[in-house]
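Peer 1: Next up, work_12.cif (mmCIF, C-alpha atoms and all ligand atoms).
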```
data_target
#
loop_
_atom_site.label_atom_id
_atom_site.label_comp_id
_atom_site.auth_asym_id
_atom_site.auth_seq_id
_atom_site.Cartn_x
_atom_site.Cartn_y
_atom_site.Cartn_z
CA MET A 1 21.93 -72.78 -37.66
CA ALA A 2 23.65 -75.42 -39.68
CA ASN A 3 26.06 -77.83 -38.18
CA LYS A 4 29.59 -77.83 -39.40
CA HIS A 5 29.73 -80.80 -41.65
CA ARG A 6 32.30 -83.33 -42.56
CA ALA A 7 32.67 -81.87 -46.03
CA GLU A 8 33.83 -78.58 -44.63
CA ALA A 9 36.45 -79.76 -42.22
CA LYS A 10 37.43 -82.98 -43.91
CA VAL A 11 37.76 -81.70 -47.40
CA GLU A 12 38.79 -78.15 -46.64
CA GLY A 13 39.56 -77.37 -43.05
CA LEU A 14 42.32 -79.90 -42.69
CA GLY A 15 43.54 -79.13 -46.17
CA PRO A 16 45.21 -81.22 -48.80
CA GLY A 17 48.20 -83.10 -47.61
CA ALA A 18 47.38 -82.79 -43.94
CA GLY A 19 49.21 -85.75 -42.44
CA SER A 20 47.06 -85.95 -39.36
CA PRO A 21 44.34 -83.87 -37.77
CA PRO A 22 45.22 -81.54 -34.92
CA PRO A 23 43.93 -83.55 -31.94
CA ALA A 24 44.07 -80.59 -29.59
CA ALA A 25 41.46 -78.78 -31.69
CA LEU A 26 39.04 -81.70 -32.00
CA ARG A 27 36.97 -83.50 -29.41
CA GLY A 28 37.76 -87.11 -30.31
CA ASN A 29 40.55 -89.33 -28.97
CA TYR A 30 42.93 -89.58 -31.92
CA ALA A 31 45.65 -91.34 -29.92
CA ALA A 32 43.57 -94.52 -30.05
CA ALA A 33 43.14 -94.45 -33.83
CA ALA A 34 44.68 -96.86 -36.32
CA ALA A 35 46.63 -95.67 -39.37
CA ASP A 36 43.37 -95.36 -41.30
CA PHE A 37 41.92 -93.30 -38.42
CA THR A 38 39.42 -95.97 -37.38
CA VAL A 39 38.79 -96.85 -33.74
CA PRO A 40 36.75 -99.56 -32.02
CA GLN A 41 33.20 -98.32 -31.50
CA ARG A 42 33.09 -99.20 -27.75
CA MET A 43 29.34 -99.27 -27.20
CA ALA A 44 29.96 -99.51 -23.45
CA ASP A 45 31.05 -95.86 -23.51
CA HIS A 46 27.47 -94.84 -24.34
CA GLY A 47 25.55 -94.72 -21.08
CA ALA A 48 21.85 -94.23 -20.49
CA ALA A 49 22.17 -90.47 -20.95
CA ASP A 50 23.63 -90.88 -24.46
CA HIS A 51 20.89 -93.26 -25.50
CA ALA A 52 18.25 -90.88 -24.15
CA THR A 53 19.79 -87.96 -26.06
CA TRP A 54 19.86 -90.05 -29.23
CA ARG A 55 16.21 -91.06 -28.84
CA LEU A 56 15.22 -87.43 -28.30
CA LEU A 57 17.07 -86.37 -31.47
CA TYR A 58 15.67 -89.34 -33.38
CA ARG A 59 12.06 -88.72 -32.37
CA ARG A 60 12.29 -85.02 -33.12
CA GLN A 61 13.68 -85.58 -36.61
CA ALA A 62 11.47 -88.58 -37.38
CA ALA A 63 8.38 -86.43 -36.80
CA LEU A 64 9.54 -84.04 -39.54
CA LEU A 65 10.43 -86.67 -42.12
CA PRO A 66 7.07 -87.63 -43.67
CA ALA A 67 6.55 -84.14 -45.10
CA GLN A 68 10.18 -83.28 -45.78
CA ALA A 69 12.41 -86.30 -46.43
CA ALA A 70 12.99 -88.21 -49.64
CA SER A 71 11.23 -91.57 -49.81
CA ALA A 72 14.57 -93.41 -50.14
CA PHE A 73 15.82 -91.77 -46.95
CA ARG A 74 12.70 -92.79 -45.03
CA ALA A 75 12.85 -96.34 -46.38
CA GLY A 76 16.53 -96.63 -45.50
CA LEU A 77 16.00 -95.27 -42.00
CA ALA A 78 13.12 -97.67 -41.38
CA ALA A 79 15.34 -100.63 -42.30
CA LEU A 80 18.22 -99.61 -40.01
CA PRO A 81 18.42 -100.34 -36.25
CA PHE A 82 18.49 -96.65 -35.33
CA ALA A 83 15.31 -96.01 -33.33
CA ASP A 84 16.18 -97.22 -29.85
CA GLY A 85 19.47 -95.53 -29.00
CA VAL A 86 22.99 -94.93 -30.26
CA PRO A 87 23.25 -97.63 -32.92
CA ASP A 88 25.68 -100.51 -32.87
CA PHE A 89 27.75 -100.09 -36.03
CA ALA A 90 28.21 -103.84 -36.57
CA ALA A 91 24.45 -104.40 -36.54
CA ALA A 92 23.83 -101.44 -38.85
CA SER A 93 26.64 -102.57 -41.15
CA ALA A 94 25.03 -106.00 -41.52
CA VAL A 95 21.87 -104.34 -42.86
CA LEU A 96 23.75 -101.88 -45.03
CA ARG A 97 26.13 -104.46 -46.48
CA ARG A 98 23.22 -106.57 -47.71
CA ALA A 99 21.65 -103.55 -49.41
CA THR A 100 24.61 -101.85 -51.11
CA GLY A 101 27.91 -103.35 -49.91
CA TRP A 102 28.69 -100.42 -47.57
CA VAL A 103 29.71 -100.71 -43.92
CA LEU A 104 30.21 -98.23 -41.09
CA VAL A 105 33.57 -97.67 -39.41
CA ALA A 106 34.02 -95.72 -36.19
CA VAL A 107 36.37 -92.72 -36.20
CA PRO A 108 37.29 -90.22 -33.46
CA GLY A 109 35.76 -87.35 -35.48
CA LEU A 110 36.96 -85.45 -38.51
CA ILE A 111 39.75 -87.25 -40.33
CA PRO A 112 42.21 -86.10 -43.02
CA ASP A 113 41.14 -85.91 -46.65
CA HIS A 114 43.14 -88.84 -47.95
CA ALA A 115 41.78 -91.17 -45.26
CA PHE A 116 38.20 -89.96 -45.76
CA PHE A 117 38.34 -90.49 -49.53
CA ALA A 118 39.97 -93.93 -49.17
CA HIS A 119 37.18 -95.09 -46.84
CA LEU A 120 34.45 -93.89 -49.20
CA ALA A 121 36.11 -95.50 -52.22
CA ALA A 122 36.14 -98.81 -50.30
CA ARG A 123 32.47 -98.40 -49.26
CA ARG A 124 33.32 -97.71 -45.64
CA PHE A 125 31.46 -94.75 -44.18
CA PRO A 126 33.36 -93.09 -41.30
CA VAL A 127 31.02 -92.36 -38.39
CA THR A 128 32.11 -90.29 -35.43
CA GLN A 129 32.16 -92.30 -32.24
CA TRP A 130 30.79 -89.75 -29.76
CA LEU A 131 27.39 -88.11 -29.34
CA ARG A 132 26.67 -84.46 -28.66
CA ARG A 133 25.76 -83.38 -25.13
CA PRO A 134 22.14 -82.54 -24.24
CA GLU A 135 22.92 -78.80 -24.29
CA GLU A 136 24.09 -79.18 -27.91
CA LEU A 137 20.88 -80.61 -29.39
CA ASP A 138 20.52 -77.83 -31.93
CA TYR A 139 24.08 -76.90 -32.72
CA ILE A 140 27.37 -78.69 -32.66
CA VAL A 141 30.66 -77.57 -34.13
CA GLU A 142 31.94 -80.98 -35.24
CA PRO A 143 29.81 -83.74 -36.77
CA ASP A 144 28.85 -86.38 -34.18
CA VAL A 145 27.36 -89.87 -34.39
CA PHE A 146 23.85 -88.49 -34.81
CA HIS A 147 24.76 -86.35 -37.81
CA ASP A 148 26.93 -89.04 -39.37
CA ALA A 149 24.67 -92.05 -38.78
CA PHE A 150 21.13 -90.64 -38.83
CA GLY A 151 21.95 -88.03 -41.46
CA HIS A 152 24.11 -89.99 -43.90
CA VAL A 153 23.52 -93.72 -43.54
CA PRO A 154 19.85 -94.09 -44.59
CA LEU A 155 20.59 -92.91 -48.11
CA LEU A 156 23.57 -95.25 -48.37
CA MET A 157 20.88 -97.95 -48.51
CA GLN A 158 19.86 -96.56 -51.93
CA PRO A 159 21.93 -98.32 -54.65
CA ALA A 160 22.50 -95.43 -57.06
CA PHE A 161 23.38 -93.01 -54.27
CA ALA A 162 25.67 -95.64 -52.73
CA ASP A 163 27.47 -96.01 -56.07
CA PHE A 164 27.81 -92.24 -56.34
CA MET A 165 29.42 -91.95 -52.89
CA ALA A 166 32.00 -94.63 -53.69
CA ALA A 167 32.80 -92.93 -57.00
CA TYR A 168 33.13 -89.59 -55.22
CA GLY A 169 35.66 -91.11 -52.83
CA ALA A 170 37.61 -92.65 -55.69
CA LEU A 171 37.93 -89.22 -57.31
CA GLY A 172 39.27 -87.62 -54.15
CA ALA A 173 42.89 -88.47 -54.92
CA LEU A 174 42.57 -86.92 -58.36
CA ALA A 175 41.07 -83.74 -56.90
CA MET A 176 43.93 -83.52 -54.38
CA ALA A 177 46.48 -83.95 -57.20
CA GLN A 178 44.71 -81.26 -59.22
CA GLY A 179 44.56 -78.83 -56.32
CA ALA A 180 40.79 -78.95 -56.71
CA LEU A 181 39.60 -79.92 -53.23
CA ARG A 182 37.52 -76.81 -52.85
CA PRO A 183 35.21 -77.53 -55.81
CA LEU A 184 34.99 -81.16 -54.71
CA ALA A 185 33.99 -80.03 -51.22
CA ARG A 186 31.31 -77.77 -52.71
CA LEU A 187 29.77 -80.74 -54.50
CA TYR A 188 29.64 -82.70 -51.24
CA TRP A 189 28.15 -79.75 -49.42
CA HIS A 190 25.45 -78.88 -51.92
CA LEU A 191 24.35 -82.44 -52.71
CA VAL A 192 25.42 -84.88 -49.99
CA GLU A 193 24.67 -82.41 -47.19
CA PHE A 194 21.98 -80.15 -48.65
CA GLY A 195 20.53 -81.81 -51.76
CA LEU A 196 16.84 -82.01 -52.70
CA ILE A 197 15.08 -84.44 -55.04
CA ARG A 198 11.89 -84.01 -57.05
CA GLU A 199 9.47 -86.84 -56.29
CA ALA A 200 5.91 -87.53 -57.40
CA GLY A 201 4.59 -85.82 -54.26
CA GLY A 202 6.82 -82.76 -54.65
CA LEU A 203 10.26 -81.69 -53.52
CA ARG A 204 11.89 -83.66 -50.71
CA ALA A 205 15.23 -83.39 -48.92
CA PHE A 206 17.88 -86.08 -48.98
CA GLY A 207 20.94 -84.18 -47.72
CA ALA A 208 22.35 -85.18 -44.33
CA GLY A 209 22.91 -81.59 -43.26
CA ILE A 210 19.22 -80.95 -43.72
CA LEU A 211 17.80 -84.14 -42.27
CA SER A 212 19.98 -84.26 -39.15
CA SER A 213 19.02 -80.69 -38.22
CA ALA A 214 15.55 -79.58 -37.12
CA ALA A 215 16.14 -75.99 -38.27
CA GLU A 216 17.51 -76.93 -41.70
CA THR A 217 14.68 -79.45 -42.19
CA ARG A 218 12.05 -76.79 -41.52
CA HIS A 219 13.88 -74.26 -43.69
CA ALA A 220 14.85 -76.21 -46.83
CA LEU A 221 11.41 -76.54 -48.41
CA GLN A 222 9.98 -73.22 -47.27
CA ALA A 223 8.65 -70.76 -49.85
CA GLY A 224 11.19 -68.20 -50.91
CA VAL A 225 14.28 -70.39 -50.63
CA PRO A 226 15.76 -70.63 -54.15
CA ARG A 227 15.94 -74.17 -55.50
CA LEU A 228 18.00 -74.72 -58.63
CA ARG A 229 17.99 -77.60 -61.06
CA PHE A 230 21.27 -79.45 -60.39
CA ASP A 231 24.06 -78.40 -62.70
CA LEU A 232 27.43 -79.95 -61.92
CA GLY A 233 29.56 -77.03 -63.12
CA ARG A 234 27.38 -74.57 -61.20
CA ALA A 235 27.55 -76.59 -57.98
CA LEU A 236 31.34 -76.95 -58.22
CA ARG A 237 31.69 -73.17 -58.33
CA THR A 238 29.14 -72.23 -55.67
CA ASP A 239 30.60 -71.16 -52.33
CA TYR A 240 28.79 -71.88 -49.09
CA GLU A 241 28.71 -70.76 -45.49
CA ILE A 242 28.67 -73.34 -42.75
CA ASP A 243 27.17 -71.35 -39.91
CA ARG A 244 23.83 -70.18 -41.28
CA LEU A 245 20.73 -71.66 -42.85
CA GLN A 246 21.47 -72.54 -46.47
CA PRO A 247 20.36 -69.78 -48.87
CA LEU A 248 19.78 -72.09 -51.86
CA HIS A 249 19.52 -75.77 -52.71
CA PHE A 250 20.18 -77.90 -55.78
CA VAL A 251 17.49 -80.32 -56.99
CA ILE A 252 17.99 -83.66 -58.74
CA ASP A 253 15.37 -85.89 -60.35
CA ASP A 254 17.15 -89.19 -59.73
CA TYR A 255 20.13 -90.40 -57.66
CA ALA A 256 21.60 -91.89 -60.84
CA GLU A 257 22.24 -88.29 -61.97
CA LEU A 258 24.83 -87.96 -59.23
CA PHE A 259 26.64 -91.12 -60.23
CA ALA A 260 26.58 -90.06 -63.89
CA ALA A 261 28.01 -86.68 -62.95
CA MET A 262 31.13 -88.35 -61.58
CA ALA A 263 32.20 -89.18 -65.14
CA GLU A 264 32.33 -85.44 -65.83
CA LEU A 265 34.33 -84.52 -62.73
CA PRO A 266 37.87 -85.07 -64.06
CA ARG A 267 37.14 -82.59 -66.85
CA LEU A 268 35.19 -80.05 -64.78
CA LEU A 269 37.25 -79.91 -61.59
CA PRO A 270 40.20 -77.95 -63.06
CA ALA A 271 37.80 -75.51 -64.72
CA ALA A 272 35.93 -75.01 -61.44
CA ARG A 273 39.22 -74.58 -59.57
CA ASP A 274 40.24 -71.78 -61.93
CA ALA A 275 36.85 -70.05 -62.23
CA ALA A 276 35.62 -67.24 -60.02
CA PRO A 277 33.50 -68.68 -57.19
CA ILE A 278 29.79 -67.91 -57.16
CA PRO A 279 28.95 -66.27 -53.81
CA PRO A 280 26.65 -68.15 -51.41
CA GLY A 281 23.01 -67.64 -52.33
CA ALA A 282 23.74 -65.62 -55.48
CA LEU A 283 21.44 -66.27 -58.44
CA LEU A 284 22.55 -66.21 -62.10
CA PRO A 285 20.51 -65.43 -65.24
CA THR A 286 21.28 -68.96 -66.47
CA ASP A 287 19.89 -70.66 -63.35
CA ARG A 288 16.88 -72.94 -63.78
CA GLN A 289 14.72 -72.53 -60.70
CA VAL A 290 12.59 -75.50 -59.75
FE FE B 1 27.94 -84.74 -42.99
#
```
Starting from the file, lay out its structure as structure tokens.

Peer 2:
Amino acid sequence: MANKHRAEAKVEGLGPGAGSPPPAALRGNYAAAAADFTVPQRMADHGAADHATWRLLYRRQAALLPAQAASAFRAGLAALPFADGVPDFAAASAVLRRATGWVLVAVPGLIPDHAFFAHLAARRFPVTQWLRRPEELDYIVEPDVFHDAFGHVPLLMQPAFADFMAAYGALGALAMAQGALRPLARLYWHLVEFGLIREAGGLRAFGAGILSSAAETRHALQAGVPRLRFDLGRALRTDYEIDRLQPLHFVIDDYAELFAAMAELPRLLPAARDAAPIPPGALLPTDRQV
């Protein structure tokens, strides 16, 4: 089962123009948040049980990474202070800032589109403050600190991917003005959450939705799962389902492809908004399978 990811709720679930999230429906404490939806991290709130849960999740995923994860993800993870427990965001930010100029900011959970995009454009990655409970190791409805930090932050150490994420955030306002949040969310889902890259040793995963989930990690590179050469227009039109293993993945050759694709977005978003969606997992005669 896939987690529900930030792309889904942030870019779609709360909808364009949502002034504030509905606190009653979300787990985090939104009353404590600033106008940009950030909160202090409050490491003291994470007791021994949280750190033990984190280490269990970390060890389980780390064991899967050598055969499944992109080399940039593994290198980024190794450089970050993530192995020993729920990470301190200030310490992680110091490492990340030196690599690519990004920092982490704590948030109560999912935040509205405009705030999410503004953070990304300013190279601030919003990371949920709280950790899942032990009975939620394999499935959680909202993204937590493990998904957000372990899943997303290692690749933000990679310069071209880091540039892409900032450019994506900068285009968020345009997509909202165009009424094109849905295609923008699909791009985030298929690449940021579930993207694959072709490396010298074969296909590897870099998406956070894959690499923060044991089930998705085992599934993504299995035989029989369609893997398509990344095509921006195709990805913008391809619908997805959040509550099942992903039925197909897009494959890039280089993270610079993603940054380059951002130059095409202003032209392609309105076309994708107006086109018929491609159903989840559907294959087209024009697809290039990898
Ligand atoms: Fe995510």

Peer 1: Which is closest to Pro280 (chain A) among A:Glu216, A:Glu241, A:Asp138, A:Asp45, if we use all atoms listed in the file?

Peer 2: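 The closest residue to Pro280 (chain A) is A:Glu241.
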
Peer 1: Under the rule that all atoms listed in the file are counted, which of A:Thr128, A:Gln246, A:Thr217, A:Thr238 is the nearest residue to ligand FE 1 (chain B)?

Peer 2: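 Among the listed residues, the smallest separation from ligand FE 1 (chain B) belongs to A:Thr128.
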
Peer 1: So which one's closest to Ala33 (chain A), A:Val290, A:Ala272, A:Leu248, A:Leu110? Using only C-alpha atoms, please.

Peer 2: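 Of the candidates, the smallest distance to Ala33 (chain A) is held by A:Leu110.
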
Peer 1: Do you know which residues are at most 7 Å from Ala72 (chain A) counting only C-alpha atoms, after dropping those on the same chain fewer than 3 positions away, and could you put them as a list in words?

Peer 2: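 Here the qualifying residues turn out to be Ala75, Gly76, Leu155 and Gln158 of chain A.
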
Peer 1: What is the CA of Tyr188 (chain A)-CA of His51 (chain A) distance in Å, reported with one decimal?

Peer 2: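 Going from CA of Tyr188 (chain A) over to CA of His51 (chain A) covers 29.2 Å.
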
Peer 1: Calculated over all atoms listed in the file, which of the candidates A:Leu232, A:Leu191, A:Leu64, A:Ala92 has the smallest distance to ligand FE 1 (chain B)?

Peer 2: A:Leu191

Peer 1: Please determine, counting only C-alpha atoms, which residue among A:Phe259, A:Trp54, A:Phe116, A:Phe164 has the shortest atom-to-atom distance to Thr38 (chain A).

Peer 2: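 Closest residue, counting only C-alpha atoms: A:Phe116.
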
Peer 1: Return the single residue from A:Arg198, A:Arg132, A:His190, A:Arg42 that is closest to Val107 (chain A), with distances computed using all atoms listed in the file.

Peer 2: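 Closest residue, counting all atoms listed in the file: A:Arg42.
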
Peer 1: Find the spatial neighbours of region 218-223 of chain A, counting only C-alpha atoms, within a cut-off of 9 Å - ignore same-chain residues fewer than 2 positions away - and output them as a list of chain:residue names.

Peer 2: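 Here the answer would be A:Leu64, A:Gln68, A:Phe194, A:Leu196, A:Leu203, A:Arg204, A:Ala205, A:Ile210, A:Ser213, A:Ala214, A:Ala215, A:Glu216, A:Val225, A:Pro226, A:Arg227, A:Leu245, A:Gln246, A:Pro247, A:Leu248, A:His249.
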
Peer 1: CA of Ala261 (chain A) and CA of Ala79 (chain A), how far apart in Å?

Peer 2: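 One can read the CA of Ala79 (chain A) to CA of Ala261 (chain A) distance as 28.0 Å.
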
Peer 1: So that I can check the surroundings of Gly169 (chain A), please list as a PyMOL selection string every protein, DNA and RNA residue that reaches within 8 Å of it, counting all atoms listed in the file and ignoring chain neighbours fewer than 5 positions away.

Peer 2: chain A and resi 116-121

Peer 1: Would you list the contacts of Leu104 (chain A) as a list in words, taking every protein, DNA or RNA residue within 10 Å and counting all atoms listed in the file, but skipping same-chain residues closer than 3 positions in sequence?

Peer 2: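 Skipping anything fewer than 3 positions along the chain leaves Asp88, Phe89, Ala90, Ala91, Ala92, Ser93, Ala94, Leu96, Arg97, Val107, His119, Arg123, Arg124, Phe125, Pro126, Val127, Thr128, Asp148, Ala149 and Val153 of chain A.
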
Peer 1: List the neighbours of Val39 (chain A) out to 9 Å using only C-alpha atoms; skip same-chain residues closer than 4 positions along the sequence, and give me the result as a ChimeraX atom specification.

Peer 2: /A:30,32-34,105-108,129

Peer 1: Would you save the residues from that selection as an mmCIF file, keeping the file's coordinate frame, using C-alpha atoms?

Peer 2:
```
data_model
loop_
_atom_site.group_PDB
_atom_site.id
_atom_site.type_symbol
_atom_site.label_atom_id
_atom_site.label_comp_id
_atom_site.auth_asym_id
_atom_site.auth_seq_id
_atom_site.Cartn_x
_atom_site.Cartn_y
_atom_site.Cartn_z
ATOM 1 C CA TYR A 30 42.930 -89.580 -31.920
ATOM 2 C CA ALA A 32 43.570 -94.520 -30.050
ATOM 3 C CA ALA A 33 43.140 -94.450 -33.830
ATOM 4 C CA ALA A 34 44.680 -96.860 -36.320
ATOM 5 C CA VAL A 105 33.570 -97.670 -39.410
ATOM 6 C CA ALA A 106 34.020 -95.720 -36.190
ATOM 7 C CA VAL A 107 36.370 -92.720 -36.200
ATOM 8 C CA PRO A 108 37.290 -90.220 -33.460
ATOM 9 C CA GLN A 129 32.160 -92.300 -32.240
#
```

Peer 1: (35.4, -76.8, -52.8) in this file's frame - what residues fall within 8 Å of it? Use only C-alpha atoms and give the answer as an NGL selection string.

Peer 2: :A and (11-12 or 180-187 or 236-237 or 239)

Peer 1: Distance CA of Ala271 (chain A)-CA of Glu257 (chain A), one decimal place?

Peer 2: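 Taking CA of Ala271 (chain A) and CA of Glu257 (chain A), their separation equals 20.3 Å.
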
Peer 1: Output as AutoDock Vina command-line options the centre and edge lengths (Å, one decimal) of the box along x, y and z of the file that holds every listed atom of region 191-198 of chain A after adding 3 Å on each side.

Peer 2:
```
--center_x 18.7 --center_y -82.5 --center_z -52.1 --size_x 19.5 --size_y 10.7 --size_z 15.9
```
